[in-house]
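Enquirer: Sharing a structure below in structure tokens format, with a few things to ask.
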Amino acid sequence: MGIKSFKPTSPARRFYSVSDFKEITKGAQPPKKLTEHQTSTGGRNNNGRITSRFRGGGHKQRYRIIDWHRKKIGVPAKVATVEYDPNRTARIALLHYADGEKLYILAPDGINVGDTIISSRHADIKPGNSLTLRFIPLGTTIHNIELKKGKGAQLVRSAGTGAILMAKDGDYAQVRLPSSEVRLVHLDCHATIGQVSNPDHANISIGKAGRSRWLGRRPHNRGVVMNPVDHPMGGGEGRSSGGRHPCSPWGQLSKGLKTRNNKRTDGMIVKRRSK
């Protein structure tokens, strides 16, 4: 995995960079049974109103169905291909299980075609194997972590991320997440050994506006350049900094205001994420 840059044949090419895709299996096509149709919302909800601004357009994509549960306990699987997924930053791996079933998982960093992995409490501590936190040694780097037993992985799924198993106490483990937050997770929740693939994703430079449009990201216009009727920070003669604390068009403060409102799970956070 690496970054490919280009000669500055145009102003956009000067800063344009892409992944070299060396880890991708050439000629691999996703099985039809593991893909499904995906509609583009354009940031609109079921009433047709825009609830997420600055989204729309983008290239058409088919969704790859990922096995977040790693439910085939004790059945070994061989890595058949490592593929690009247009819906996420990480790579995905196609597994051929010994019983004939084929499933996609998030590809851990360092996994190769031909490797054998398994989901079992007796599995070796090597990238790709899935175990409950109860049987994973302290200090191990993990990803694809469940928050509720049997619900499927919800945490640490982005490219290059990894959490660390810090401690075990009673029925809960302390896991340090990529944000530096330390959180309690039940010992019977599953996690996958290793770091998520494609760690160089953070170093890619978009390079030009059109590439953001391919990804479905529309231009983001700042509040200070609007009129007062459109934004609380709008208006002013010449260039103005807004004259008030930065906020959304509806007055929600955007710097420093804590917006987390889930008291039910506050007790699961041992240490808040660092600023």
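Residues are referred to by chain and number: the chain letter is A, B, ... according to the order shown in the structure tokens, the number counts from 1 in that chain, and ligands are numbered separately from 1 in the order shown.
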Compile the contact shell of Arg217 of chain A as a list in words: residues with an atom at most 10 Å away, counting only C-alpha atoms, same-chain residues fewer than 6 positions apart removed.

Expert: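 Returned residues: Gly42, Arg53, Phe54, Arg55, Gly56, Gly57, Gly58, Ala209, Gly210 and Arg211 of chain A.
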
Enquirer: Let me see the file: selected residues, N, CA and C atoms, as a compact mmCIF listing (two decimals), in the first residue's frame.

Expert:
```txt
# COMPACT_ATOMS: atom_id res chain seq x y z
N GLY A 42 -29.15 12.24 -1.86
CA GLY A 42 -28.90 13.67 -2.03
C GLY A 42 -29.05 14.44 -0.73
N ARG A 53 -26.77 18.81 4.46
CA ARG A 53 -26.46 19.73 3.38
C ARG A 53 -25.20 19.32 2.63
N PHE A 54 -25.06 19.86 1.42
CA PHE A 54 -23.85 19.72 0.60
C PHE A 54 -23.57 18.27 0.19
N ARG A 55 -24.64 17.52 -0.05
CA ARG A 55 -24.48 16.17 -0.59
C ARG A 55 -25.30 16.04 -1.85
N GLY A 56 -24.83 15.20 -2.77
CA GLY A 56 -25.59 14.96 -3.99
C GLY A 56 -24.67 14.65 -5.15
N GLY A 57 -25.23 14.05 -6.19
CA GLY A 57 -24.42 13.68 -7.36
C GLY A 57 -23.57 12.47 -7.03
N GLY A 58 -22.37 12.44 -7.57
CA GLY A 58 -21.47 11.33 -7.30
C GLY A 58 -21.67 10.16 -8.24
N ALA A 209 -11.58 20.04 -7.37
CA ALA A 209 -12.96 20.08 -6.91
C ALA A 209 -13.80 18.96 -7.52
N GLY A 210 -13.53 18.63 -8.78
CA GLY A 210 -14.33 17.62 -9.46
C GLY A 210 -14.26 16.26 -8.79
N ARG A 211 -13.13 15.98 -8.17
CA ARG A 211 -12.99 14.68 -7.52
C ARG A 211 -13.90 14.57 -6.30
```

Enquirer: So that I can see what lies close to Met233 of chain A, please list as a list in words the residues with an atom at most 9 Å from it, counting only C-alpha atoms and leaving out residues fewer than 5 positions away in the same chain.

Expert: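 The neighbour list is Gly223, Val224, Val225, Met226, Asn227, Pro228, Ser240, Ser241, Gly242, Gly243, Arg244, His245, Pro246, Cys247, Ser248 and Pro249 of chain A.
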
Enquirer: Neighbours of His59 of chain A within 8 Å (only C-alpha atoms; same-chain residues fewer than 6 positions away dropped), as a short mmCIF file (atom, residue, chain, number, x, y, z; two decimals) with C-alpha atoms, in the first residue's frame?

Expert:
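Listed below is the output, out01.cif:
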```cif
data_model
loop_
_atom_site.label_atom_id
_atom_site.label_comp_id
_atom_site.auth_asym_id
_atom_site.auth_seq_id
_atom_site.Cartn_x
_atom_site.Cartn_y
_atom_site.Cartn_z
CA TRP A 214 -17.36 12.15 -7.86
CA LEU A 215 -17.63 11.24 -4.19
CA GLY A 216 -21.02 12.94 -3.86
#
```

Enquirer: How would you write, as a PyMOL selection string, the set of residues in segment 45-179 of chain A that DSSP gives as strand (DSSP E)?

Expert: chain A and resi 63-64+77-83+92-97+102-106+116-117+130-132+141-143+145-146+153-155+163-169+172-176

Enquirer: Could you name the residues that touch segment 168-182 of chain A at 6 Å or less, counting only C-alpha atoms, but leaving out those on the same chain fewer than 3 positions away, as a VMD selection string?

Expert: chain A and resid 163 to 165 185 to 187 270 to 273

Enquirer: Please compute the atom CA of Tyr63 of chain A-atom CA of Pro108 of chain A distance, one decimal, in Å.

Expert: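 Value for the atom CA of Tyr63 of chain A-atom CA of Pro108 of chain A distance: 19.6 Å.
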
Enquirer: Could you pull out all residues of segment 106-214 of chain A with a DSSP call of helix (DSSP H, G or I) and give them as a list in words?

Expert: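 Assigned to helix (DSSP H, G or I), within segment 106-214 of chain A: Leu133, Arg134, Phe135, Pro199, Asp200, His201, Ala202, Asn203, Ala209, Gly210, Arg211, Ser212, Arg213 and Trp214 of chain A.
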
Enquirer: List the spatial neighbours of segment 89-92 of chain A as a VMD selection string - criterion: any atom at most 10 Å away, only C-alpha atoms, same-chain residues fewer than 3 positions off excluded.

Expert: chain A and resid 21 23 to 24 64 66 81 to 86 95 104 to 109 157 to 161 196 to 199 201 to 202

Enquirer: Of the candidates A:Ile142, A:Ile65, A:Ala98, A:Ala12, which shows the shortest atom-to-atom distance to Val156 of chain A, using only C-alpha atoms?

Expert: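 Among the listed residues, A:Ile142 lies closest to Val156 of chain A.
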
Enquirer: Given the choices A:Leu138, A:Leu94, A:Leu133, A:Ala77, which gets closest to Ala191 of chain A if the distance is worked out from only C-alpha atoms?

Expert: A:Leu133

Enquirer: So which one's closest to Val18 of chain A, A:Ile73, A:Leu147, A:Ile204, A:Ala123? Using only C-alpha atoms, please.

Expert: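 Distance minimum relative to Val18 of chain A lands on A:Ile204.
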
Enquirer: Just checking: using only C-alpha atoms, which residue out of A:Ala167, A:Cys189, A:Ile111, A:Leu184 ends up closest to Ala153 of chain A?

Expert: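 Closest candidate: A:Cys189.
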
Enquirer: What does the structure give for the distance between atom CA of Gly152 of chain A and atom CA of Trp68 of chain A, in Å to one decimal?

Expert: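 Atom CA of Gly152 of chain A sits 4.9 Å away from atom CA of Trp68 of chain A.
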